[in-house]
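These notes are about the structure you will find just below.
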Amino acid sequence: MTSEGAWRGWRTATEEALYGADGFYTDEAGPAGHFRTSVHASALFAGAVARLLGAVDRALGGPPELAFVDMGAGRGELCAGVLRALPPELAARTTVYAVERAVGRPPGLDPRIEWRAAPPDGVTGLLFANEWLDNVPAEVAEVAPDGTVRVVEVAPDGTERLGAGVSAGDSAWLERWWPLAGAAPGARAEIGEPRDAAWAEAAGTVRRGLAVAVDYGHERAARPPFGTLTGFREGRETRPVPDGSCDLTAHVALDACAAAFTATPAGASGPGPVLLTQREALHGLGVRGGRPPLALASTDPAAYVRALSGAGEAAELTARGGLGDFGWLLCPVGIPLPPLGPGPEGGG
């Protein structure tokens, strides 16, 4: 039987389950031990991000110091991959920041990577948040049998019940971004205001350059009727239980995050945010899953095998119904949106 004091809203429960003393993200295995992100799927992803950093560098006019900031860096895999993919001249001018609140610096990480619990302020360059916002805890709201919108409370074993009505602030966010008025009982929404605030704060640390959020997301015209909160454990989707044993994640209202950025001084200084699919963004950065020419198999069999492997990885990163459906929210700060293109030879 669940004790009365154990009931909490999903935002508080998720915060402790992911980032508390025994939280999921403090586990030694890290995210790679439980689910496959684009970073873990292929080095092609880090290569594409390195080319995007090169495009930002060109839009900035090649400043003497350039920053790459990885929000929610996990164990530093993307930072290390980007450094490996950068041409030497650009790498020499780039300071790489891995921002991760859950764990300390992993052993053996490239010494050129600066490990931080919060992003540096006033940087010039690229801030990149890959699957970060979906782990920013959010409250869950549900339409009760009487038609009122109430907060969903959860016990440590994952049992749920309806609590009090949502606050005035949360009600205003729902009305603007995820209306539940008139919805049938049982309809749900994840209240994205904490994600909006987190993104506005993170993107606001960029003085000039580009801030990019990459996540599974949705827009106001097509919100999922029952929300998206779920769990992941050891590579499998599972029932969300806030006990630290699984990842807790919910898709992101990226259009609301875009509006929150536009309302900041950083957002006001650029041309405005752009939302693409990962498939569109990676295609623009030269990652495509086309099969290599069959003639290569006879002239250079080893090169053909390597190209075929790369094509398979590219196809996974850009697949419809999979990783290719991620949303890329691109927020320029003080510069035009850099063109998404492979850049000059060498990845810059």
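Letters A, B, ... mark the chains of the structure tokens in the order given; residue numbers begin at 1 per chain; ligand numbers begin at 1, in order shown.
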Notebook entry, point to check: Counting only C-alpha atoms, what is within 10 Å of A:Pro224, bar same-chain residues fewer than 4 positions away, as number ranges by chain?
Noted result: A: 178, 187-190, 218-220, 228, 251
Next item on the list: Just the alpha helix (DSSP H) stuff from stretch 74-282 of chain A, please, per backbone DSSP, written as an MDAnalysis selection string.
Entry: chainID A and resid 77:85 88:93 168:177 193:203 254:262 265:268 278:282
Next item on the list: List the neighbours of A:Asp247 out to 7 Å using only C-alpha atoms; skip same-chain residues closer than 3 positions along the sequence, and give me the result as an NGL selection string.
Entry: :A and (18 or 24 or 231-233)
Could you write out the selected residues, including N, CA and C atoms, as a PDB file, in the first residue's frame?
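part08.pdb, written as the output of this step:
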ATOM      1  N   LEU A  18      15.890  10.916 -11.802  1.00  0.00           N
ATOM      2  CA  LEU A  18      16.952  11.038 -12.790  1.00  0.00           C
ATOM      3  C   LEU A  18      18.243  11.590 -12.215  1.00  0.00           C
ATOM      4  N   PHE A  24      18.927   7.776 -12.070  1.00  0.00           N
ATOM      5  CA  PHE A  24      19.257   7.005 -13.271  1.00  0.00           C
ATOM      6  C   PHE A  24      20.509   7.522 -13.962  1.00  0.00           C
ATOM      7  N   GLY A 231       9.261   5.284 -20.155  1.00  0.00           N
ATOM      8  CA  GLY A 231      10.538   4.911 -19.565  1.00  0.00           C
ATOM      9  C   GLY A 231      11.358   4.066 -20.518  1.00  0.00           C
ATOM     10  N   PHE A 232      12.678   4.035 -20.291  1.00  0.00           N
ATOM     11  CA  PHE A 232      13.582   3.171 -21.052  1.00  0.00           C
ATOM     12  C   PHE A 232      14.561   2.513 -20.094  1.00  0.00           C
ATOM     13  N   ARG A 233      14.739   1.211 -20.282  1.00  0.00           N
ATOM     14  CA  ARG A 233      15.673   0.465 -19.455  1.00  0.00           C
ATOM     15  C   ARG A 233      16.324  -0.630 -20.294  1.00  0.00           C
TER      16      ARG A 233
END
Next item on the list: Apply DSSP to the backbone of this structure and, from stretch 28-82 of chain A, keep only the residues in strand (DSSP E or B); write these as an MDAnalysis selection string.
Entry: chainID A and resid 66:71
Export of the given selection (N, CA and C atoms) as a short mmCIF file (atom, residue, chain, number, x, y, z; two decimals), in the first residue's frame:
data_model
loop_
_atom_site.label_atom_id
_atom_site.label_comp_id
_atom_site.auth_asym_id
_atom_site.auth_seq_id
_atom_site.Cartn_x
_atom_site.Cartn_y
_atom_site.Cartn_z
N LEU A 66 36.51 30.16 -30.65
CA LEU A 66 35.20 29.62 -30.97
C LEU A 66 34.82 28.61 -29.89
N ALA A 67 33.54 28.55 -29.54
CA ALA A 67 33.09 27.62 -28.50
C ALA A 67 32.16 26.57 -29.09
N PHE A 68 32.30 25.34 -28.61
CA PHE A 68 31.31 24.30 -28.84
C PHE A 68 30.85 23.84 -27.47
N VAL A 69 29.54 24.01 -27.20
CA VAL A 69 28.97 23.68 -25.90
C VAL A 69 27.97 22.55 -26.10
N ASP A 70 28.20 21.42 -25.44
CA ASP A 70 27.31 20.26 -25.53
C ASP A 70 26.49 20.17 -24.25
N MET A 71 25.20 20.48 -24.35
CA MET A 71 24.29 20.43 -23.20
C MET A 71 23.83 18.99 -22.98
#
What are the closest atom pairs, with distances in Å to one decimal, for each residue of stretch 250-275 of chain A lying within 10 Å of stretch 195-208 of chain A, using only C-alpha atoms, rows by chain and rising residue number, as a tab-separated table?
residue	atom	partner	partner_atom	distance
A:Val252	CA	A:Arg195	CA	7.7
A:Ala253	CA	A:Arg195	CA	8.4
A:Leu254	CA	A:Asp196	CA	8.4
A:Asp255	CA	A:Asp196	CA	9.4
A:Ala256	CA	A:Asp196	CA	6.4
A:Cys257	CA	A:Asp196	CA	4.5
A:Ala258	CA	A:Asp196	CA	7.9
A:Ala259	CA	A:Asp196	CA	8.2
A:Ala260	CA	A:Asp196	CA	5.6
A:Phe261	CA	A:Ala200	CA	4.8
A:Thr262	CA	A:Ala200	CA	8.4
A:Ala263	CA	A:Ala200	CA	8.3
A:Thr264	CA	A:Ala200	CA	6.8
A:Pro265	CA	A:Gly204	CA	7.6
A:Ala266	CA	A:Gly204	CA	5.5
A:Gly267	CA	A:Gly204	CA	7.9
A:Ser269	CA	A:Arg208	CA	9.0
A:Gly270	CA	A:Arg208	CA	9.0
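The shortest atom-to-atom distance to A:Glu114, with only C-alpha atoms taken into account, belongs to A:Thr95 out of A:Thr95, A:Thr230, A:Ser167, A:Thr12.
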I'd like a table as JSON lines: residues in stretch 211-233 of chain A with an atom no more than 9 Å from stretch 125-140 of chain A, each row giving the shortest atom pair and its distance in Å to one decimal, only C-alpha atoms counted, sorted by chain and rising residue number.
{"residue": "A:Ala211", "atom": "CA", "partner": "A:Leu127", "partner_atom": "CA", "distance": 4.6}
{"residue": "A:Val212", "atom": "CA", "partner": "A:Phe128", "partner_atom": "CA", "distance": 4.9}
{"residue": "A:Ala213", "atom": "CA", "partner": "A:Ala129", "partner_atom": "CA", "distance": 4.7}
{"residue": "A:Val214", "atom": "CA", "partner": "A:Asn130", "partner_atom": "CA", "distance": 4.7}
{"residue": "A:Asp215", "atom": "CA", "partner": "A:Glu131", "partner_atom": "CA", "distance": 5.0}
{"residue": "A:Tyr216", "atom": "CA", "partner": "A:Asp134", "partner_atom": "CA", "distance": 7.7}
{"residue": "A:Gly217", "atom": "CA", "partner": "A:Asp134", "partner_atom": "CA", "distance": 8.6}
{"residue": "A:Gly227", "atom": "CA", "partner": "A:Val140", "partner_atom": "CA", "distance": 8.2}
{"residue": "A:Leu229", "atom": "CA", "partner": "A:Val140", "partner_atom": "CA", "distance": 8.4}
Note to self: Quick one: residues within 12 Å of A:Thr318, only C-alpha atoms, excluding same-chain residues fewer than 3 positions away - as a ChimeraX atom specification?
What the structure shows: /A:38,41-42,44-45,277-290,311-315,321-327
File dump, residues just selected, C-alpha atoms, as a PDB file, in the first residue's frame:
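result_26.pdb, written as the output of this step:
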ATOM      1  CA  SER A  38      22.202   9.450 -32.659  1.00  0.00           C
ATOM      2  CA  ALA A  41      24.550   5.175 -33.525  1.00  0.00           C
ATOM      3  CA  SER A  42      27.338   6.517 -35.716  1.00  0.00           C
ATOM      4  CA  LEU A  44      28.672  10.372 -38.820  1.00  0.00           C
ATOM      5  CA  PHE A  45      26.511  12.347 -36.396  1.00  0.00           C
ATOM      6  CA  THR A 277      13.527  17.290 -39.038  1.00  0.00           C
ATOM      7  CA  GLN A 278      16.804  15.496 -38.376  1.00  0.00           C
ATOM      8  CA  ARG A 279      16.454  13.946 -41.815  1.00  0.00           C
ATOM      9  CA  GLU A 280      16.381  17.425 -43.397  1.00  0.00           C
ATOM     10  CA  ALA A 281      19.189  18.780 -41.226  1.00  0.00           C
ATOM     11  CA  LEU A 282      21.556  15.850 -41.736  1.00  0.00           C
ATOM     12  CA  HIS A 283      20.867  15.719 -45.463  1.00  0.00           C
ATOM     13  CA  GLY A 284      21.857  19.383 -45.564  1.00  0.00           C
ATOM     14  CA  LEU A 285      25.052  18.512 -43.693  1.00  0.00           C
ATOM     15  CA  GLY A 286      25.994  15.794 -46.142  1.00  0.00           C
ATOM     16  CA  VAL A 287      24.740  12.696 -44.307  1.00  0.00           C
ATOM     17  CA  ARG A 288      22.835  10.547 -46.791  1.00  0.00           C
ATOM     18  CA  GLY A 289      22.074   6.851 -46.915  1.00  0.00           C
ATOM     19  CA  GLY A 290      22.568   6.242 -50.632  1.00  0.00           C
ATOM     20  CA  ALA A 311      25.520   4.346 -45.954  1.00  0.00           C
ATOM     21  CA  GLY A 312      23.781   2.018 -43.516  1.00  0.00           C
ATOM     22  CA  GLU A 313      24.666   4.253 -40.580  1.00  0.00           C
ATOM     23  CA  ALA A 314      23.514   7.331 -42.475  1.00  0.00           C
ATOM     24  CA  ALA A 315      20.236   5.599 -43.287  1.00  0.00           C
ATOM     25  CA  GLY A 321       9.794   6.638 -38.308  1.00  0.00           C
ATOM     26  CA  GLY A 322      13.102   6.574 -36.403  1.00  0.00           C
ATOM     27  CA  LEU A 323      16.003   8.916 -35.668  1.00  0.00           C
ATOM     28  CA  GLY A 324      15.257  10.962 -38.783  1.00  0.00           C
ATOM     29  CA  ASP A 325      12.028  12.169 -37.175  1.00  0.00           C
ATOM     30  CA  PHE A 326      13.828  14.072 -34.421  1.00  0.00           C
ATOM     31  CA  GLY A 327      13.205  17.808 -34.505  1.00  0.00           C
TER      32      GLY A 327
END
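With distances restricted to only C-alpha atoms, A:Glu142 is the closest residue to A:Gly163 from A:Glu65, A:Glu142, A:Glu175, A:Glu89.
Excluding A:Pro273 and any residue on its chain fewer than 6 positions from it, the residues at most 7 Å away by only C-alpha atoms are A:Ala258, A:Leu329, A:Leu330, A:Cys331, A:Pro332.
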Margin query: Show me, as a PyMOL selection string, the residues that have an atom within 7 Å of A:Val241 when counting only C-alpha atoms, minus same-chain residues fewer than 2 positions from it.
Written below: chain A and resi 156-158+239+243
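Candidate residues A:Pro240, A:Gly61, A:Val56, A:Arg84 were compared for distance to A:Val154, and the nearest is A:Pro240, using only C-alpha atoms.
The spacing separating atom CA of A:Pro339 from atom CA of A:Leu276 amounts to 12.9 Å.
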Margin query: When you count only C-alpha atoms, which of these residues is closest to A:Leu53: A:Val39, A:Ile113, A:Ala181, A:Leu210?
Written below: A:Leu210
Residues at most 12 Å from A:Gly108, counting only C-alpha atoms, excluding those fewer than 3 positions away in the same chain, as a compact mmCIF listing (two decimals) with N, CA and C atoms, in the first residue's frame?
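Okay, out.txt is ready:
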# COMPACT_ATOMS: atom_id res chain seq x y z
N ARG A 75 28.51 11.15 -21.20
CA ARG A 75 29.88 10.83 -20.82
C ARG A 75 30.89 11.47 -21.78
N GLY A 76 30.44 12.51 -22.49
CA GLY A 76 31.33 13.29 -23.34
C GLY A 76 31.55 12.72 -24.73
N GLU A 77 30.69 11.78 -25.15
CA GLU A 77 30.90 11.12 -26.44
C GLU A 77 30.83 12.08 -27.62
N ALA A 80 33.92 14.48 -27.77
CA ALA A 80 35.11 13.80 -28.27
C ALA A 80 35.00 13.55 -29.77
N ARG A 105 33.59 14.41 -14.28
CA ARG A 105 34.34 14.16 -15.50
C ARG A 105 34.72 12.69 -15.61
N PRO A 111 41.68 15.68 -22.84
CA PRO A 111 41.96 16.80 -21.93
C PRO A 111 41.58 18.16 -22.49
N ARG A 112 41.33 18.23 -23.80
CA ARG A 112 40.92 19.51 -24.38
C ARG A 112 39.47 19.85 -24.06
N ILE A 113 38.72 18.89 -23.51
CA ILE A 113 37.30 19.11 -23.19
C ILE A 113 37.17 19.63 -21.77
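Take atom CA of A:Gly81 and atom CA of A:Ala55: the distance between them is 17.1 Å.
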